[in-house]
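Raw query19.pdb, PDB, C-alpha atoms, pLDDT in the B column:
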ATOM      1  CA  SER A   1      -4.304   7.254   8.253  1.00 40.00           C
ATOM      2  CA  GLN A   2      -4.612   4.034   6.343  1.00 44.00           C
ATOM      3  CA  GLN A   3      -3.820   2.029   9.425  1.00 51.00           C
ATOM      4  CA  GLY A   4      -6.646  -0.277  10.220  1.00 60.00           C
ATOM      5  CA  GLU A   5      -7.536  -2.239  13.231  1.00 78.00           C
ATOM      6  CA  GLU A   6      -6.554  -5.726  14.252  1.00 85.00           C
ATOM      7  CA  ASP A   7      -8.741  -7.577  16.588  1.00 89.00           C
ATOM      8  CA  PRO A   8      -8.181  -8.899  19.145  1.00 93.00           C
ATOM      9  CA  GLN A   9      -4.969  -7.261  20.310  1.00 92.00           C
ATOM     10  CA  ALA A  10      -4.189 -10.387  22.307  1.00 95.00           C
ATOM     11  CA  LEU A  11      -5.548 -13.917  22.197  1.00 97.00           C
ATOM     12  CA  SER A  12      -4.816 -16.732  24.617  1.00 97.00           C
ATOM     13  CA  ILE A  13      -5.954 -20.276  23.823  1.00 97.00           C
ATOM     14  CA  GLN A  14      -5.169 -23.898  24.559  1.00 97.00           C
ATOM     15  CA  GLU A  15      -3.380 -26.210  22.173  1.00 97.00           C
ATOM     16  CA  GLY A  16      -5.787 -27.820  19.740  1.00 97.00           C
ATOM     17  CA  GLU A  17      -8.196 -24.899  19.703  1.00 98.00           C
ATOM     18  CA  ASN A  18      -8.709 -22.667  16.699  1.00 98.00           C
ATOM     19  CA  ALA A  19      -7.477 -19.082  16.668  1.00 97.00           C
ATOM     20  CA  THR A  20      -9.186 -16.359  14.673  1.00 97.00           C
ATOM     21  CA  MET A  21      -7.699 -12.930  14.084  1.00 96.00           C
ATOM     22  CA  ASN A  22      -9.355 -10.089  12.242  1.00 96.00           C
ATOM     23  CA  CYS A  23      -8.060  -7.138  10.289  1.00 93.00           C
ATOM     24  CA  SER A  24     -10.016  -4.140   9.061  1.00 92.00           C
ATOM     25  CA  TYR A  25      -8.830  -1.366   6.788  1.00 89.00           C
ATOM     26  CA  LYS A  26     -10.066   1.923   5.432  1.00 86.00           C
ATOM     27  CA  THR A  27      -9.069   2.304   1.783  1.00 83.00           C
ATOM     28  CA  SER A  28      -9.306  -0.040  -1.175  1.00 82.00           C
ATOM     29  CA  ILE A  29      -6.513  -2.548  -1.525  1.00 82.00           C
ATOM     30  CA  ASN A  30      -4.675  -4.451  -4.208  1.00 81.00           C
ATOM     31  CA  ASN A  31      -3.810  -7.326  -1.923  1.00 85.00           C
ATOM     32  CA  LEU A  32      -3.605  -8.219   1.729  1.00 88.00           C
ATOM     33  CA  GLN A  33      -0.969 -10.364   3.366  1.00 91.00           C
ATOM     34  CA  TRP A  34      -0.544 -11.983   6.738  1.00 94.00           C
ATOM     35  CA  TYR A  35       2.774 -12.259   8.498  1.00 94.00           C
ATOM     36  CA  ARG A  36       3.995 -13.847  11.668  1.00 96.00           C
ATOM     37  CA  GLN A  37       6.641 -12.454  14.025  1.00 95.00           C
ATOM     38  CA  ASN A  38       8.344 -14.331  16.827  1.00 94.00           C
ATOM     39  CA  SER A  39       9.316 -12.043  19.682  1.00 87.00           C
ATOM     40  CA  GLY A  40      11.380  -9.218  18.140  1.00 79.00           C
ATOM     41  CA  ARG A  41      12.516 -11.253  15.144  1.00 88.00           C
ATOM     42  CA  GLY A  42      11.930 -10.554  11.479  1.00 88.00           C
ATOM     43  CA  LEU A  43       8.487 -11.113  10.048  1.00 92.00           C
ATOM     44  CA  VAL A  44       7.745 -14.238   8.065  1.00 94.00           C
ATOM     45  CA  HIS A  45       5.217 -14.317   5.249  1.00 93.00           C
ATOM     46  CA  LEU A  46       2.243 -16.633   5.764  1.00 95.00           C
ATOM     47  CA  ILE A  47      -0.244 -16.003   2.984  1.00 94.00           C
ATOM     48  CA  LEU A  48      -1.317 -13.419   0.397  1.00 91.00           C
ATOM     49  CA  ILE A  49      -4.861 -12.860  -0.789  1.00 92.00           C
ATOM     50  CA  ARG A  50      -5.671 -10.613  -3.730  1.00 89.00           C
ATOM     51  CA  SER A  51      -8.597  -8.226  -3.818  1.00 89.00           C
ATOM     52  CA  ASN A  52     -10.489 -10.440  -6.283  1.00 92.00           C
ATOM     53  CA  GLU A  53     -10.176 -13.503  -4.049  1.00 95.00           C
ATOM     54  CA  ARG A  54     -12.461 -14.347  -1.153  1.00 96.00           C
ATOM     55  CA  GLU A  55     -10.712 -17.234   0.555  1.00 97.00           C
ATOM     56  CA  LYS A  56      -7.334 -18.979   0.548  1.00 96.00           C
ATOM     57  CA  HIS A  57      -5.922 -21.940   2.385  1.00 96.00           C
ATOM     58  CA  SER A  58      -2.409 -22.925   3.282  1.00 95.00           C
ATOM     59  CA  GLY A  59      -1.964 -25.915   5.562  1.00 96.00           C
ATOM     60  CA  ARG A  60      -3.672 -25.063   8.864  1.00 97.00           C
ATOM     61  CA  LEU A  61      -4.228 -21.466   7.779  1.00 97.00           C
ATOM     62  CA  ARG A  62      -7.385 -20.094   6.239  1.00 98.00           C
ATOM     63  CA  VAL A  63      -7.682 -16.476   5.171  1.00 98.00           C
ATOM     64  CA  THR A  64     -10.845 -14.734   4.086  1.00 97.00           C
ATOM     65  CA  LEU A  65     -11.276 -11.325   2.527  1.00 96.00           C
ATOM     66  CA  ASP A  66     -14.459  -9.277   2.400  1.00 96.00           C
ATOM     67  CA  THR A  67     -13.766  -6.166   0.341  1.00 93.00           C
ATOM     68  CA  SER A  68     -17.289  -4.824   0.867  1.00 94.00           C
ATOM     69  CA  LYS A  69     -16.669  -4.760   4.619  1.00 94.00           C
ATOM     70  CA  LYS A  70     -12.980  -3.945   4.195  1.00 93.00           C
ATOM     71  CA  SER A  71     -11.979  -6.774   6.457  1.00 94.00           C
ATOM     72  CA  SER A  72      -9.974  -9.973   6.504  1.00 95.00           C
ATOM     73  CA  SER A  73      -9.621 -12.814   8.937  1.00 97.00           C
ATOM     74  CA  LEU A  74      -6.903 -15.358   9.608  1.00 97.00           C
ATOM     75  CA  LEU A  75      -7.921 -18.704  11.069  1.00 98.00           C
ATOM     76  CA  ILE A  76      -5.332 -21.070  12.493  1.00 98.00           C
ATOM     77  CA  THR A  77      -6.849 -24.477  13.069  1.00 97.00           C
ATOM     78  CA  ALA A  78      -5.684 -27.017  15.640  1.00 97.00           C
ATOM     79  CA  SER A  79      -3.232 -24.563  17.158  1.00 97.00           C
ATOM     80  CA  ARG A  80       0.104 -25.623  18.616  1.00 97.00           C
ATOM     81  CA  ALA A  81       2.341 -24.045  21.229  1.00 97.00           C
ATOM     82  CA  ALA A  82       4.766 -23.248  18.395  1.00 96.00           C
ATOM     83  CA  ASP A  83       2.109 -20.957  16.867  1.00 97.00           C
ATOM     84  CA  THR A  84       2.700 -18.526  19.738  1.00 97.00           C
ATOM     85  CA  ALA A  85       3.726 -15.281  18.011  1.00 97.00           C
ATOM     86  CA  SER A  86       2.426 -11.925  16.833  1.00 95.00           C
ATOM     87  CA  TYR A  87       0.411 -11.889  13.633  1.00 96.00           C
ATOM     88  CA  PHE A  88       0.145  -8.892  11.336  1.00 93.00           C
ATOM     89  CA  CYS A  89      -1.969  -8.053   8.358  1.00 92.00           C
ATOM     90  CA  VAL A  90      -0.341  -5.916   5.688  1.00 89.00           C
ATOM     91  CA  ARG A  91      -2.213  -4.013   3.042  1.00 84.00           C
ATOM     92  CA  LEU A  92      -0.964  -2.899  -0.357  1.00 78.00           C
ATOM     93  CA  ALA A  93      -3.017   0.116  -1.343  1.00 69.00           C
ATOM     94  CA  ASN A  94      -4.825   0.108  -4.668  1.00 63.00           C
ATOM     95  CA  ALA A  95      -3.628   3.487  -5.805  1.00 57.00           C
ATOM     96  CA  GLY A  96      -4.472   3.354  -9.504  1.00 52.00           C
ATOM     97  CA  GLY A  97      -0.931   2.810 -10.735  1.00 50.00           C
ATOM     98  CA  THR A  98       0.885   4.879  -8.149  1.00 47.00           C
ATOM     99  CA  SER A  99       2.171   4.070  -4.695  1.00 48.00           C
ATOM    100  CA  TYR A 100       2.373   0.388  -5.444  1.00 61.00           C
ATOM    101  CA  GLY A 101       5.166   0.201  -2.915  1.00 69.00           C
ATOM    102  CA  LYS A 102       3.395   1.742   0.023  1.00 76.00           C
ATOM    103  CA  LEU A 103       2.459  -0.895   2.537  1.00 80.00           C
ATOM    104  CA  THR A 104       0.447  -0.467   5.709  1.00 83.00           C
ATOM    105  CA  PHE A 105       0.732  -2.773   8.689  1.00 86.00           C
ATOM    106  CA  GLY A 106      -1.831  -3.433  11.339  1.00 84.00           C
ATOM    107  CA  GLN A 107      -0.753  -3.279  14.962  1.00 87.00           C
ATOM    108  CA  GLY A 108      -0.836  -7.022  15.282  1.00 91.00           C
ATOM    109  CA  THR A 109      -2.484  -9.701  17.369  1.00 94.00           C
ATOM    110  CA  ILE A 110      -0.397 -11.396  20.034  1.00 95.00           C
ATOM    111  CA  LEU A 111      -1.327 -15.068  20.072  1.00 97.00           C
ATOM    112  CA  THR A 112      -0.396 -17.273  23.012  1.00 97.00           C
ATOM    113  CA  VAL A 113      -1.059 -20.978  22.725  1.00 97.00           C
ATOM    114  CA  HIS A 114      -0.781 -22.857  26.002  1.00 97.00           C
ATOM    115  CA  PRO A 115       0.414 -26.479  25.909  1.00 94.00           C
TER     116      PRO A 115
ATOM    117  CA  GLU B 116      20.558 -19.178   1.119  1.00 85.00           C
ATOM    118  CA  ALA B 117      18.102 -16.423   0.229  1.00 84.00           C
ATOM    119  CA  GLN B 118      18.296 -13.729   2.826  1.00 94.00           C
ATOM    120  CA  VAL B 119      18.103 -10.089   3.804  1.00 97.00           C
ATOM    121  CA  THR B 120      21.024  -9.002   5.949  1.00 97.00           C
ATOM    122  CA  GLN B 121      21.000  -5.979   8.195  1.00 97.00           C
ATOM    123  CA  ASN B 122      23.908  -4.478  10.075  1.00 97.00           C
ATOM    124  CA  PRO B 123      24.412  -3.627  12.815  1.00 97.00           C
ATOM    125  CA  ARG B 124      21.937  -5.755  14.732  1.00 96.00           C
ATOM    126  CA  TYR B 125      22.350  -3.676  17.859  1.00 96.00           C
ATOM    127  CA  LEU B 126      23.590  -0.131  18.216  1.00 95.00           C
ATOM    128  CA  ILE B 127      23.712   2.425  20.981  1.00 96.00           C
ATOM    129  CA  THR B 128      24.607   5.908  19.883  1.00 95.00           C
ATOM    130  CA  VAL B 129      24.272   9.501  21.008  1.00 96.00           C
ATOM    131  CA  THR B 130      22.126  12.318  19.726  1.00 96.00           C
ATOM    132  CA  GLY B 131      23.474  13.918  16.566  1.00 96.00           C
ATOM    133  CA  LYS B 132      26.025  11.284  15.628  1.00 96.00           C
ATOM    134  CA  LYS B 133      25.349  10.226  12.050  1.00 96.00           C
ATOM    135  CA  LEU B 134      24.820   6.535  11.508  1.00 96.00           C
ATOM    136  CA  THR B 135      23.970   4.161   8.698  1.00 97.00           C
ATOM    137  CA  VAL B 136      22.148   0.874   8.937  1.00 98.00           C
ATOM    138  CA  THR B 137      22.976  -1.313   5.988  1.00 98.00           C
ATOM    139  CA  CYS B 138      20.608  -3.710   4.249  1.00 98.00           C
ATOM    140  CA  SER B 139      21.570  -6.196   1.590  1.00 98.00           C
ATOM    141  CA  GLN B 140      19.561  -8.875  -0.211  1.00 97.00           C
ATOM    142  CA  ASN B 141      20.852 -11.705  -2.383  1.00 96.00           C
ATOM    143  CA  MET B 142      17.617 -12.511  -4.229  1.00 94.00           C
ATOM    144  CA  ASN B 143      17.870  -9.939  -7.045  1.00 93.00           C
ATOM    145  CA  HIS B 144      14.709  -8.295  -5.742  1.00 92.00           C
ATOM    146  CA  GLU B 145      13.533  -5.035  -7.256  1.00 91.00           C
ATOM    147  CA  TYR B 146      11.606  -3.795  -4.241  1.00 90.00           C
ATOM    148  CA  MET B 147      13.187  -2.908  -0.914  1.00 93.00           C
ATOM    149  CA  SER B 148      11.823  -1.038   2.086  1.00 94.00           C
ATOM    150  CA  TRP B 149      12.517   0.067   5.641  1.00 96.00           C
ATOM    151  CA  TYR B 150      10.230  -0.098   8.668  1.00 96.00           C
ATOM    152  CA  ARG B 151      10.379   0.844  12.281  1.00 96.00           C
ATOM    153  CA  GLN B 152       8.565  -1.055  14.985  1.00 95.00           C
ATOM    154  CA  ASP B 153       7.522   0.613  18.210  1.00 93.00           C
ATOM    155  CA  PRO B 154       5.388  -0.781  21.050  1.00 88.00           C
ATOM    156  CA  GLY B 155       1.720  -0.082  20.493  1.00 83.00           C
ATOM    157  CA  LEU B 156       2.321   1.310  17.008  1.00 85.00           C
ATOM    158  CA  GLY B 157       3.110  -1.798  15.019  1.00 86.00           C
ATOM    159  CA  LEU B 158       5.364  -1.471  12.001  1.00 91.00           C
ATOM    160  CA  ARG B 159       5.449   1.748  10.047  1.00 93.00           C
ATOM    161  CA  GLN B 160       7.043   2.160   6.662  1.00 92.00           C
ATOM    162  CA  ILE B 161       9.861   4.709   6.483  1.00 96.00           C
ATOM    163  CA  TYR B 162      10.980   4.561   2.853  1.00 95.00           C
ATOM    164  CA  TYR B 163      10.671   2.183  -0.022  1.00 92.00           C
ATOM    165  CA  SER B 164      12.381   1.659  -3.353  1.00 92.00           C
ATOM    166  CA  MET B 165      10.746   0.174  -6.415  1.00 88.00           C
ATOM    167  CA  ASN B 166      14.088  -0.238  -8.205  1.00 89.00           C
ATOM    168  CA  VAL B 167      17.588   1.190  -8.509  1.00 93.00           C
ATOM    169  CA  GLU B 168      17.604   4.989  -8.192  1.00 92.00           C
ATOM    170  CA  VAL B 169      13.864   5.001  -7.420  1.00 90.00           C
ATOM    171  CA  THR B 170      12.897   5.771  -3.836  1.00 94.00           C
ATOM    172  CA  ASP B 171       9.774   7.136  -2.189  1.00 91.00           C
ATOM    173  CA  LYS B 172       8.560   8.120   1.234  1.00 93.00           C
ATOM    174  CA  GLY B 173       6.535   5.870   3.431  1.00 91.00           C
ATOM    175  CA  ASP B 174       4.478   7.011   6.395  1.00 90.00           C
ATOM    176  CA  VAL B 175       7.288   8.202   8.676  1.00 95.00           C
ATOM    177  CA  PRO B 176      10.232   9.458   6.583  1.00 97.00           C
ATOM    178  CA  GLU B 177      11.185  12.442   8.733  1.00 97.00           C
ATOM    179  CA  GLY B 178      14.750  12.250  10.024  1.00 97.00           C
ATOM    180  CA  TYR B 179      15.778   9.468   7.635  1.00 98.00           C
ATOM    181  CA  LYS B 180      17.450   9.231   4.256  1.00 98.00           C
ATOM    182  CA  VAL B 181      17.924   6.327   1.904  1.00 98.00           C
ATOM    183  CA  SER B 182      19.720   5.594  -1.333  1.00 96.00           C
ATOM    184  CA  ARG B 183      19.464   2.812  -3.876  1.00 97.00           C
ATOM    185  CA  LYS B 184      22.549   2.882  -6.044  1.00 97.00           C
ATOM    186  CA  GLU B 185      22.706  -0.872  -6.469  1.00 96.00           C
ATOM    187  CA  LYS B 186      19.924  -3.382  -6.657  1.00 96.00           C
ATOM    188  CA  ARG B 187      21.091  -5.436  -3.684  1.00 97.00           C
ATOM    189  CA  ASN B 188      21.702  -2.627  -1.168  1.00 98.00           C
ATOM    190  CA  PHE B 189      19.363  -0.164   0.496  1.00 98.00           C
ATOM    191  CA  PRO B 190      21.034   1.653   3.390  1.00 98.00           C
ATOM    192  CA  LEU B 191      19.093   3.704   5.930  1.00 98.00           C
ATOM    193  CA  ILE B 192      20.841   6.883   7.016  1.00 98.00           C
ATOM    194  CA  LEU B 193      20.150   8.860  10.158  1.00 97.00           C
ATOM    195  CA  GLU B 194      21.969  12.146   9.605  1.00 95.00           C
ATOM    196  CA  SER B 195      21.351  13.473  13.106  1.00 97.00           C
ATOM    197  CA  PRO B 196      19.725  10.826  15.275  1.00 97.00           C
ATOM    198  CA  SER B 197      17.434  11.858  18.094  1.00 97.00           C
ATOM    199  CA  PRO B 198      16.049   9.843  21.035  1.00 97.00           C
ATOM    200  CA  ASN B 199      12.651   9.504  19.318  1.00 96.00           C
ATOM    201  CA  GLN B 200      14.369   7.400  16.683  1.00 98.00           C
ATOM    202  CA  THR B 201      15.109   4.741  19.247  1.00 98.00           C
ATOM    203  CA  SER B 202      13.337   1.768  17.762  1.00 97.00           C
ATOM    204  CA  LEU B 203      13.587  -1.659  16.172  1.00 96.00           C
ATOM    205  CA  TYR B 204      14.250  -1.310  12.449  1.00 97.00           C
ATOM    206  CA  PHE B 205      13.505  -3.838   9.743  1.00 97.00           C
ATOM    207  CA  CYS B 206      14.542  -3.983   6.130  1.00 97.00           C
ATOM    208  CA  ALA B 207      12.540  -6.055   3.677  1.00 94.00           C
ATOM    209  CA  SER B 208      12.650  -6.934  -0.004  1.00 93.00           C
ATOM    210  CA  SER B 209      10.277  -8.339  -2.552  1.00 90.00           C
ATOM    211  CA  ARG B 210      10.681  -9.739  -6.045  1.00 85.00           C
ATOM    212  CA  THR B 211       8.524  -7.395  -7.999  1.00 71.00           C
ATOM    213  CA  GLY B 212       8.115  -3.667  -7.942  1.00 52.00           C
ATOM    214  CA  SER B 213       4.427  -3.740  -8.741  1.00 51.00           C
ATOM    215  CA  ARG B 214       1.816  -6.064  -7.292  1.00 58.00           C
ATOM    216  CA  THR B 215       4.194  -6.218  -4.383  1.00 58.00           C
ATOM    217  CA  GLY B 216       4.152  -9.772  -3.179  1.00 74.00           C
ATOM    218  CA  GLU B 217       5.803 -11.662  -0.413  1.00 85.00           C
ATOM    219  CA  LEU B 218       8.213  -9.601   1.636  1.00 89.00           C
ATOM    220  CA  PHE B 219      11.412 -11.117   2.970  1.00 92.00           C
ATOM    221  CA  PHE B 220      12.521  -9.456   6.195  1.00 94.00           C
ATOM    222  CA  GLY B 221      15.878  -9.023   7.804  1.00 96.00           C
ATOM    223  CA  GLU B 222      16.345  -9.947  11.451  1.00 95.00           C
ATOM    224  CA  GLY B 223      16.088  -6.378  12.633  1.00 96.00           C
ATOM    225  CA  SER B 224      18.404  -3.670  13.983  1.00 97.00           C
ATOM    226  CA  ARG B 225      17.762  -2.434  17.477  1.00 97.00           C
ATOM    227  CA  LEU B 226      18.838   1.179  17.759  1.00 97.00           C
ATOM    228  CA  THR B 227      19.082   3.195  20.939  1.00 97.00           C
ATOM    229  CA  VAL B 228      19.774   6.920  20.743  1.00 97.00           C
ATOM    230  CA  LEU B 229      20.835   8.507  24.032  1.00 96.00           C
TER     231      LEU B 229
END
Turn this file's structure into structure tokens for me.
Amino acid sequence: SQQGEEDPQALSIQEGENATMNCSYKTSINNLQWYRQNSGRGLVHLILIRSNEREKHSGRLRVTLDTSKKSSSLLITASRAADTASYFCVRLANAGGTSYGKLTFGQGTILTVHP
Amino acid sequence: EAQVTQNPRYLITVTGKKLTVTCSQNMNHEYMSWYRQDPGLGLRQIYYSMNVEVTDKGDVPEGYKVSRKEKRNFPLILESPSPNQTSLYFCASSRTGSRTGELFFGEGSRLTVL
């Protein structure tokens, strides 16, 4: 299976602290994206990082990608109670021209930020 | 407003009764896909479509059918639903068929099969 691991499965922090979530995968990728999901709602795109990029920033979000280790991390700085949600990494496989549409989700990290 | 619309949002049905979950997007996106979300398993891709009349299997296609006759619509068909298809279903779309970028998700359809 191409499903990788997300770590930790659950994370509980206080407001103002930083939250770091990790995602590992098994096969080479074209890009990797992070999404957020509020309790049973649709997922919302946060950030996309391509396989030739190592780091991207968007507001309080920082994403890194290490293709040699097949891993990515999402850092949320100065967390807020409103950041409480599940976070998923999504990989687009690098299939040499085929299967560009096949996406693989991690199982997600449940983040709880206490006020 | 740019959106992906799924219907119905909630459905309780019985084993073997054919049902269709509709998905429509108003962003002229080429790429559309279906996922199911189950506790402990995350989201798994059922089918995807790179463009009109082009569909392909995801990781868990068994028991499902799809069609893409128009660019905006991508219905998910359960010909003979079974209890193991009880799940939360999401439809998503994306602008481009290759280098698949940002996905826009619907709000989900919660299906219970008795």
In file coordinates, which residues lie within 8 Å of (21.3, 14.1, 14.8) using all atoms listed in the file, given as a PyMOL selection string?
chain B and resi 130-133+193-197
Using the chain letters and numbers from this file, what does the PyMOL selection byres ((chain A) within 9 of (chain B)) select? Give the answer as a ChimeraX atom specification.
/A:1,30-31,33,40-48,88,92,97,99-108
Length of the CA of Leu126 (chain B) to CA of Asn141 (chain B) vector [Å]
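CA of Leu126 (chain B) sits 23.8 Å away from CA of Asn141 (chain B).
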Polymer residues at most 6 Å from Val167 (chain B), all atoms listed in the file, same-chain spacing of 2 or more positions, as an NGL selection string:
:B and (169 or 183-186)
Could you tell me, as a PyMOL selection string, exactly which residues end up selected when the PyMOL selection byres ((chain A and resi 71-77) around 9) is applied to this structure?
chain A and resi 16-26+32+34+60-70+78-80+83+89
Nearest to Gln37 (chain A) among A:Asn52, A:Thr112, A:Gln9, A:Ser86, with distances taken over all atoms listed in the file: which residue is it?
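Once distances to Gln37 (chain A) are computed over all atoms listed in the file, the minimum belongs to A:Ser86.
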Could you tell me how far CA of Leu11 (chain A) sits from CA of Ala82 (chain A), in Å to one decimal place?
14.4 Å
